[in-house]
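Notes to accompany the following structure.
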Number of protein chains: 2
Amino acid sequence: MSLYLRELQTRLEDGQERVSSRALGASLGLTDAQIRKDLALFGSLGQPGRGYQIIDVLKRLRQMMGRDQSWPVVVVGIGNIGRAITSYGQFKTEGFDIVGVFDIDPKVVGTKSAGRVVRSMADLRATIVEHDVRLGVMTVPKASAQDVADQLIAAGVVGILNFAPKRITAPPGVSIVSVDFTVSLEQLAFQVWLAGNFEDGTK
Amino acid sequence: MSLYLRELQTRLEDGQERVSSRALGASLGLTDAQIRKDLALFGSLGQPGRGYQIIDVLKRLRQMMGRDQSWPVVVVGIGNIGRAITSYGQFKTEGFDIVGVFDIDPKVVGTKSAGRVVRSMADLRATIVEHDVRLGVMTVPKASAQDVADQLIAAGVVGILNFAPKRITAPPGVSIVSVDFTVSLEQLAFQVWLAGNFEDGTK
DNA sequence: CCATGTGAATGGATTCACAGCT
DNA sequence: AGCTGTGAATCCATTCACATGG
């Protein structure tokens with residue numbers, strides 16, 4: 001869904017002003033009807049015969065998704081993935097502001113990651129409360145995932161992006177999105193296997 | 001889908017022998033009917049009144065997904081994410097074997113990542129051919145993503161796990177699975193936003 | 001009695017198709 | 001003509017419900 005944002009942004013940067021639903025669909029792998037349905041949900045923005053004014057749709061999308069303001073974010077767990085996240089410049093341009101990075105390991109606490117000082121878990125709650133943080137990114141080992149999640153939630157976080165290969169349970173009202181490399185790889189392997197064994201398309 | 005694998009594995013390690021569809025569903029957040037439909041697809045494995053014999057289902061699943069053999073994998077792009085991937089021990093136990101790691105940067109080539117020597121792109125094709133590699137993991141910048149993908153495909157790779165924030169185009173017969181941190185975060189932000197604005201459930 | 005496998009029903013999302021605007 | 005917005009039709013996945021087997 002936020003794929004719309006990216007695609008429209010790149011098109012705008014390419015100097016384009018308008019798109020038709022057909023063209024957008026081709027880029028995103030959807031049908032033109034699907035595009036129109038989706039965009040119509042956000043209010044009618046297209047001009048029949050002319051297509052969509054990219055800048056207007058972008059503005060509306062950002063507004064609708066609460067993306068017109070910046071979201072403060074904390075990152076817990078500064079291993080390889082944590083470092084990748086904190087040094088990933090794109091987040092800031094997409095409206096996410098990392099206001100604190102934390103780790104449980106005393107050897108890591110105090111070091112820097114992408115220019116940010118890693119702080120101890122003891123400071124977590126204060127930071128969350130101070131910046132009114134609602135989103136947390138967790139890149140911690142499987143064993144501590146649920147524990148860290150509980151701490152985040154207790155401090156007021158209502159959305160967690162979880163990189164641990166473990167299902168996190170959370171009370172209603174708290175959203176969890178998980179990214180699991182192994183699962184992704186297995187999905188890929190499965191697709192490849194499917195393609196190899198049913199190349200005729202026999203479902 | 002490969003979530004079944006993980007869940008069943010942990011249950012087996014816990015010393016359990018059988019599960020009912022209801023219990024499995026509770027763990028995975030699905031209904032019991034859903035579980036039965038899925039498993040029935042792989043052939044009837046459950047005993048009415050007793051549930052599923054975990055070890056049998058696992059065996060069948062691995063077989064079905066081509067997961068009874070090991071998949072050789074190459075990793076291209078040894079930045080933070082690349083390092084995270086190569087040092088992620090879980091892959092090996094899940095049947096994926098990293099047979100080569102590569103980078104375009106001469107400063108990185110020759111260094112070690114998780115005990116593996118990073119090699120130059122010039123060696124990529126030979127490695128793929130030699131090990132009959134069909135899966136590639138790409139953790140490269142947006143700008144070189146398509147180029148690297150083309151190289152992988154030209155050498156014989158038919159499945160790519162892409163971490164670059166860019167849609168990769170590939171000829172039919174080649175599968176692409178993309179992992180995009182920004183998109184995941186945005187999904188999360190959107191869910192949180194939804195929960196905050198429609199807590200009454202007014203769709 | 002417990003739990004599977006599966007046809008039937010349900011619901012949601014995708015696609016079709018077309019009226020209407022430019 | 002080109003393209004949007006939207007009801008109608010269609011498809012797909014999930015859920016229900018029940019007959020059947022241990």
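Here's how to read the names in the structure tokens: chain A, B, ... by the order shown, residue numbers from 1 in each chain, ligand numbers from 1 in the order shown.
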Could you build a table of the residues in range 50-127 of chain A lying no more than 10 Å from range 1-21 of chain D, giving for each the nearest pair of atoms and their separation in Å rounded to one decimal place, using only C-alpha atoms (C1' of nucleotides), ordered by chain and ascending residue number, as a tab-separated table?
residue	atom	partner	partner_atom	distance
A:Arg50	CA	D:DC3	C1'	6.2
A:Gly51	CA	D:DC3	C1'	6.1
A:Tyr52	CA	D:DT4	C1'	9.0
Next item on the list: Would you return as a VMD selection string the members of chain B that DSSP assigns to strand (DSSP E) on this structure's backbone?
Entry: chain B and resid 18 to 19 46 to 47 51 to 53 71 to 76 96 to 103 112 to 113 116 to 120 135 to 138 159 to 162 175 to 178
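Close contacts of Gly79 in chain B, defined as residues with an atom at most 8 Å away when counting only C-alpha atoms (C1' of nucleotides), with chain neighbours fewer than 6 positions off set aside, comprise Ala84 of chain A; Thr139 and Val140 of chain B.
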Write the residues of the preceding selection, restricted to N, CA, C and O atoms, as an mmCIF file, in the first residue's frame.
data_model
loop_
_atom_site.group_PDB
_atom_site.id
_atom_site.type_symbol
_atom_site.label_atom_id
_atom_site.label_comp_id
_atom_site.auth_asym_id
_atom_site.auth_seq_id
_atom_site.Cartn_x
_atom_site.Cartn_y
_atom_site.Cartn_z
ATOM 1 N N ALA A 84 22.001 -1.700 10.720
ATOM 2 C CA ALA A 84 21.503 -1.439 9.367
ATOM 3 C C ALA A 84 20.323 -0.468 9.425
ATOM 4 O O ALA A 84 20.246 0.494 8.664
ATOM 5 N N THR B 139 21.606 -7.699 -1.024
ATOM 6 C CA THR B 139 21.527 -6.596 -0.064
ATOM 7 C C THR B 139 22.415 -5.486 -0.567
ATOM 8 O O THR B 139 23.439 -5.168 0.025
ATOM 9 N N VAL B 140 22.011 -4.922 -1.680
ATOM 10 C CA VAL B 140 22.814 -3.900 -2.350
ATOM 11 C C VAL B 140 22.021 -2.597 -2.431
ATOM 12 O O VAL B 140 20.812 -2.588 -2.217
#
Checklist line | Counting only C-alpha atoms (C1' of nucleotides), chain C residues within 8 Å of chain A, as a VMD selection string | finding: chain C and resid 14 to 15 21 to 22
Deliver the residues from the most recent selection as a file, using N, CA, C and O atoms (P, O5', C5', C4', C3', O3' and C1' of nucleotides), as a JSON list (two decimals), in the first residue's frame.
[["chain", "number", "residue", "atom", "x", "y", "z"],
["C", 14, "DT", "P", -7.63, -7.00, -3.52],
["C", 14, "DT", "O5'", -7.73, -7.42, -5.05],
["C", 14, "DT", "C5'", -7.77, -8.81, -5.38],
["C", 14, "DT", "C4'", -8.55, -9.02, -6.66],
["C", 14, "DT", "C3'", -8.20, -8.06, -7.81],
["C", 14, "DT", "O3'", -7.81, -8.84, -8.92],
["C", 14, "DT", "C1'", -10.54, -8.27, -7.58],
["C", 15, "DT", "P", -7.25, -8.14, -10.22],
["C", 15, "DT", "O5'", -8.48, -8.23, -11.23],
["C", 15, "DT", "C5'", -9.10, -9.49, -11.45],
["C", 15, "DT", "C4'", -10.38, -9.28, -12.23],
["C", 15, "DT", "C3'", -10.23, -8.40, -13.49],
["C", 15, "DT", "O3'", -10.73, -9.14, -14.60],
["C", 15, "DT", "C1'", -12.08, -7.71, -12.19],
["C", 21, "DC", "P", -21.36, 13.99, -16.57],
["C", 21, "DC", "O5'", -19.92, 14.67, -16.59],
["C", 21, "DC", "C5'", -18.98, 14.35, -15.54],
["C", 21, "DC", "C4'", -17.58, 14.43, -16.08],
["C", 21, "DC", "C3'", -17.25, 15.73, -16.81],
["C", 21, "DC", "O3'", -16.06, 16.24, -16.27],
["C", 21, "DC", "C1'", -16.56, 13.86, -18.08],
["C", 22, "DT", "P", -15.64, 17.80, -16.49],
["C", 22, "DT", "O5'", -14.22, 17.69, -17.15],
["C", 22, "DT", "C5'", -13.65, 16.44, -17.52],
["C", 22, "DT", "C4'", -12.46, 16.67, -18.43],
["C", 22, "DT", "C3'", -12.42, 18.05, -19.09],
["C", 22, "DT", "O3'", -11.09, 18.39, -19.36],
["C", 22, "DT", "C1'", -12.70, 16.41, -20.75]]
Margin query: So that I can see what lies close to range 80-82 of chain B, please list as a PyMOL selection string the residues with an atom at most 10 Å from it, counting only C-alpha atoms (C1' of nucleotides) and leaving out residues fewer than 3 positions away in the same chain.
Written below: (chain A and resi 79-85+87-88) or (chain B and resi 75-77+85-88+101-103+113+137-140+163)
Prev. selection, C-alpha atoms, output as a JSON list (two decimals), in the first residue's frame:
[["chain", "number", "residue", "atom", "x", "y", "z"],
["A", 79, "GLY", "CA", 23.32, -6.04, 16.36],
["A", 80, "ASN", "CA", 23.89, -6.15, 12.63],
["A", 81, "ILE", "CA", 20.29, -5.53, 11.76],
["A", 82, "GLY", "CA", 19.91, -2.80, 14.33],
["A", 83, "ARG", "CA", 22.91, -1.03, 12.85],
["A", 84, "ALA", "CA", 21.50, -1.44, 9.37],
["A", 85, "ILE", "CA", 18.25, 0.15, 10.49],
["A", 87, "SER", "CA", 22.11, 3.88, 9.39],
["A", 88, "TYR", "CA", 19.34, 3.57, 6.84],
["B", 75, "VAL", "CA", 24.77, -13.35, -0.87],
["B", 76, "VAL", "CA", 25.63, -10.19, -2.78],
["B", 77, "GLY", "CA", 26.29, -6.95, -0.95],
["B", 85, "ILE", "CA", 22.35, -12.45, 6.89],
["B", 86, "THR", "CA", 25.68, -14.22, 6.69],
["B", 87, "SER", "CA", 26.01, -14.42, 10.44],
["B", 88, "TYR", "CA", 22.46, -15.59, 10.93],
["B", 101, "VAL", "CA", 29.42, -13.88, -0.34],
["B", 102, "PHE", "CA", 30.23, -11.08, -2.79],
["B", 103, "ASP", "CA", 30.64, -7.34, -2.94],
["B", 113, "SER", "CA", 32.16, -11.68, 7.19],
["B", 137, "VAL", "CA", 20.16, -12.84, -1.61],
["B", 138, "MET", "CA", 20.70, -9.23, -2.66],
["B", 139, "THR", "CA", 21.53, -6.60, -0.06],
["B", 140, "VAL", "CA", 22.81, -3.90, -2.35],
["B", 163, "PHE", "CA", 16.43, -6.15, 0.24]]
Kindly provide the residues of chain B that approach chain A to within 7 Å, each paired with its closest atom pair and their distance in Å to one decimal, based on only C-alpha atoms, listed by chain and increasing number, as CSV.
residue,atom,partner,partner_atom,distance
B:Ser2,CA,A:Val183,CA,6.1
B:Met65,CA,A:Phe190,CA,5.8
B:Gly66,CA,A:Trp193,CA,6.6
B:Asn80,CA,A:Ala84,CA,4.9
B:Ile81,CA,A:Ala84,CA,5.8
B:Arg83,CA,A:Asn80,CA,6.6
B:Ala84,CA,A:Asn80,CA,4.9
B:Phe91,CA,A:Thr182,CA,6.5
B:Val158,CA,A:Val192,CA,6.8
B:Gly159,CA,A:Val192,CA,6.1
B:Leu161,CA,A:Leu185,CA,6.6
B:Gly173,CA,A:Ala195,CA,6.5
B:Ser175,CA,A:Val192,CA,6.2
B:Val177,CA,A:Leu188,CA,6.0
B:Thr182,CA,A:Phe91,CA,6.5
B:Val183,CA,A:Ser2,CA,6.2
B:Leu185,CA,A:Leu161,CA,6.6
B:Glu186,CA,A:Ser2,CA,6.5
B:Leu188,CA,A:Val177,CA,6.0
B:Phe190,CA,A:Met65,CA,5.9
B:Gln191,CA,A:Ser175,CA,6.6
B:Val192,CA,A:Gly159,CA,6.1
B:Trp193,CA,A:Gly66,CA,6.7
B:Ala195,CA,A:Gly173,CA,6.6
Put those residues in a file: N, CA and C atoms, as a PDB file, in the first residue's frame.
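Okay, part.pdb is ready:
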ATOM      1  N   SER B   2       5.531 -21.247   5.845  1.00  0.00           N
ATOM      2  CA  SER B   2       6.637 -21.966   6.465  1.00  0.00           C
ATOM      3  C   SER B   2       6.590 -21.762   7.980  1.00  0.00           C
ATOM      4  N   MET B  65       8.043 -29.182   0.174  1.00  0.00           N
ATOM      5  CA  MET B  65       8.643 -27.902  -0.132  1.00  0.00           C
ATOM      6  C   MET B  65      10.070 -28.025  -0.641  1.00  0.00           C
ATOM      7  N   GLY B  66      10.455 -29.227  -0.975  1.00  0.00           N
ATOM      8  CA  GLY B  66      11.809 -29.378  -1.464  1.00  0.00           C
ATOM      9  C   GLY B  66      12.824 -29.045  -0.389  1.00  0.00           C
ATOM     10  N   ASN B  80      25.633  -3.735   6.218  1.00  0.00           N
ATOM     11  CA  ASN B  80      25.117  -4.186   7.503  1.00  0.00           C
ATOM     12  C   ASN B  80      24.151  -5.355   7.361  1.00  0.00           C
ATOM     13  N   ILE B  81      23.258  -5.245   6.409  1.00  0.00           N
ATOM     14  CA  ILE B  81      22.266  -6.309   6.267  1.00  0.00           C
ATOM     15  C   ILE B  81      22.934  -7.585   5.780  1.00  0.00           C
ATOM     16  N   ARG B  83      25.880  -8.577   6.326  1.00  0.00           N
ATOM     17  CA  ARG B  83      26.563  -9.206   7.448  1.00  0.00           C
ATOM     18  C   ARG B  83      25.561  -9.902   8.370  1.00  0.00           C
ATOM     19  N   ALA B  84      24.442  -9.237   8.577  1.00  0.00           N
ATOM     20  CA  ALA B  84      23.421  -9.852   9.433  1.00  0.00           C
ATOM     21  C   ALA B  84      22.992 -11.200   8.845  1.00  0.00           C
ATOM     22  N   PHE B  91      19.842 -19.964   9.260  1.00  0.00           N
ATOM     23  CA  PHE B  91      19.685 -20.391   7.869  1.00  0.00           C
ATOM     24  C   PHE B  91      20.160 -21.817   7.655  1.00  0.00           C
ATOM     25  N   VAL B 158      17.421 -18.551 -10.127  1.00  0.00           N
ATOM     26  CA  VAL B 158      16.003 -18.444 -10.489  1.00  0.00           C
ATOM     27  C   VAL B 158      15.140 -17.923  -9.347  1.00  0.00           C
ATOM     28  N   GLY B 159      15.775 -17.532  -8.236  1.00  0.00           N
ATOM     29  CA  GLY B 159      15.014 -16.946  -7.143  1.00  0.00           C
ATOM     30  C   GLY B 159      15.866 -15.925  -6.421  1.00  0.00           C
ATOM     31  N   LEU B 161      16.046 -13.036  -3.276  1.00  0.00           N
ATOM     32  CA  LEU B 161      15.516 -12.351  -2.096  1.00  0.00           C
ATOM     33  C   LEU B 161      16.133 -10.963  -2.085  1.00  0.00           C
ATOM     34  N   GLY B 173       9.635 -17.164 -14.917  1.00  0.00           N
ATOM     35  CA  GLY B 173      10.427 -18.308 -14.493  1.00  0.00           C
ATOM     36  C   GLY B 173      11.377 -17.953 -13.370  1.00  0.00           C
ATOM     37  N   SER B 175      11.679 -16.045  -9.755  1.00  0.00           N
ATOM     38  CA  SER B 175      10.860 -15.533  -8.651  1.00  0.00           C
ATOM     39  C   SER B 175      11.621 -14.472  -7.874  1.00  0.00           C
ATOM     40  N   VAL B 177      11.343 -12.220  -4.250  1.00  0.00           N
ATOM     41  CA  VAL B 177      10.673 -11.873  -3.002  1.00  0.00           C
ATOM     42  C   VAL B 177      11.403 -10.673  -2.429  1.00  0.00           C
ATOM     43  N   THR B 182      11.358  -0.046   4.973  1.00  0.00           N
ATOM     44  CA  THR B 182      10.521   1.151   4.992  1.00  0.00           C
ATOM     45  C   THR B 182       9.060   0.786   4.784  1.00  0.00           C
ATOM     46  N   VAL B 183       8.820  -0.096   3.841  1.00  0.00           N
ATOM     47  CA  VAL B 183       7.448  -0.504   3.599  1.00  0.00           C
ATOM     48  C   VAL B 183       6.862  -1.159   4.841  1.00  0.00           C
ATOM     49  N   LEU B 185       7.722  -0.670   7.948  1.00  0.00           N
ATOM     50  CA  LEU B 185       7.471   0.358   8.956  1.00  0.00           C
ATOM     51  C   LEU B 185       6.222   1.152   8.611  1.00  0.00           C
ATOM     52  N   GLU B 186       6.061   1.426   7.340  1.00  0.00           N
ATOM     53  CA  GLU B 186       4.887   2.198   6.937  1.00  0.00           C
ATOM     54  C   GLU B 186       3.613   1.404   7.149  1.00  0.00           C
ATOM     55  N   LEU B 188       3.183  -0.720   9.436  1.00  0.00           N
ATOM     56  CA  LEU B 188       2.962  -0.644  10.877  1.00  0.00           C
ATOM     57  C   LEU B 188       2.343   0.695  11.259  1.00  0.00           C
ATOM     58  N   PHE B 190       0.668   2.632   9.491  1.00  0.00           N
ATOM     59  CA  PHE B 190      -0.693   2.698   8.977  1.00  0.00           C
ATOM     60  C   PHE B 190      -1.657   1.939   9.891  1.00  0.00           C
ATOM     61  N   GLN B 191      -1.240   0.766  10.313  1.00  0.00           N
ATOM     62  CA  GLN B 191      -2.079  -0.014  11.227  1.00  0.00           C
ATOM     63  C   GLN B 191      -2.338   0.740  12.524  1.00  0.00           C
ATOM     64  N   VAL B 192      -1.272   1.332  13.033  1.00  0.00           N
ATOM     65  CA  VAL B 192      -1.399   2.087  14.275  1.00  0.00           C
ATOM     66  C   VAL B 192      -2.346   3.255  14.072  1.00  0.00           C
ATOM     67  N   TRP B 193      -2.164   3.892  12.940  1.00  0.00           N
ATOM     68  CA  TRP B 193      -3.005   5.043  12.636  1.00  0.00           C
ATOM     69  C   TRP B 193      -4.466   4.616  12.543  1.00  0.00           C
ATOM     70  N   ALA B 195      -5.859   1.965  13.916  1.00  0.00           N
ATOM     71  CA  ALA B 195      -6.329   1.594  15.245  1.00  0.00           C
ATOM     72  C   ALA B 195      -6.686   2.844  16.052  1.00  0.00           C
TER      73      ALA B 195
END
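Contact shell of Lys107 in chain A at 12 Å (only C-alpha atoms (C1' of nucleotides); same-chain neighbours under 6 positions omitted): A:Ile78, A:Gly79, A:Val118, A:Arg119, A:Ser120.
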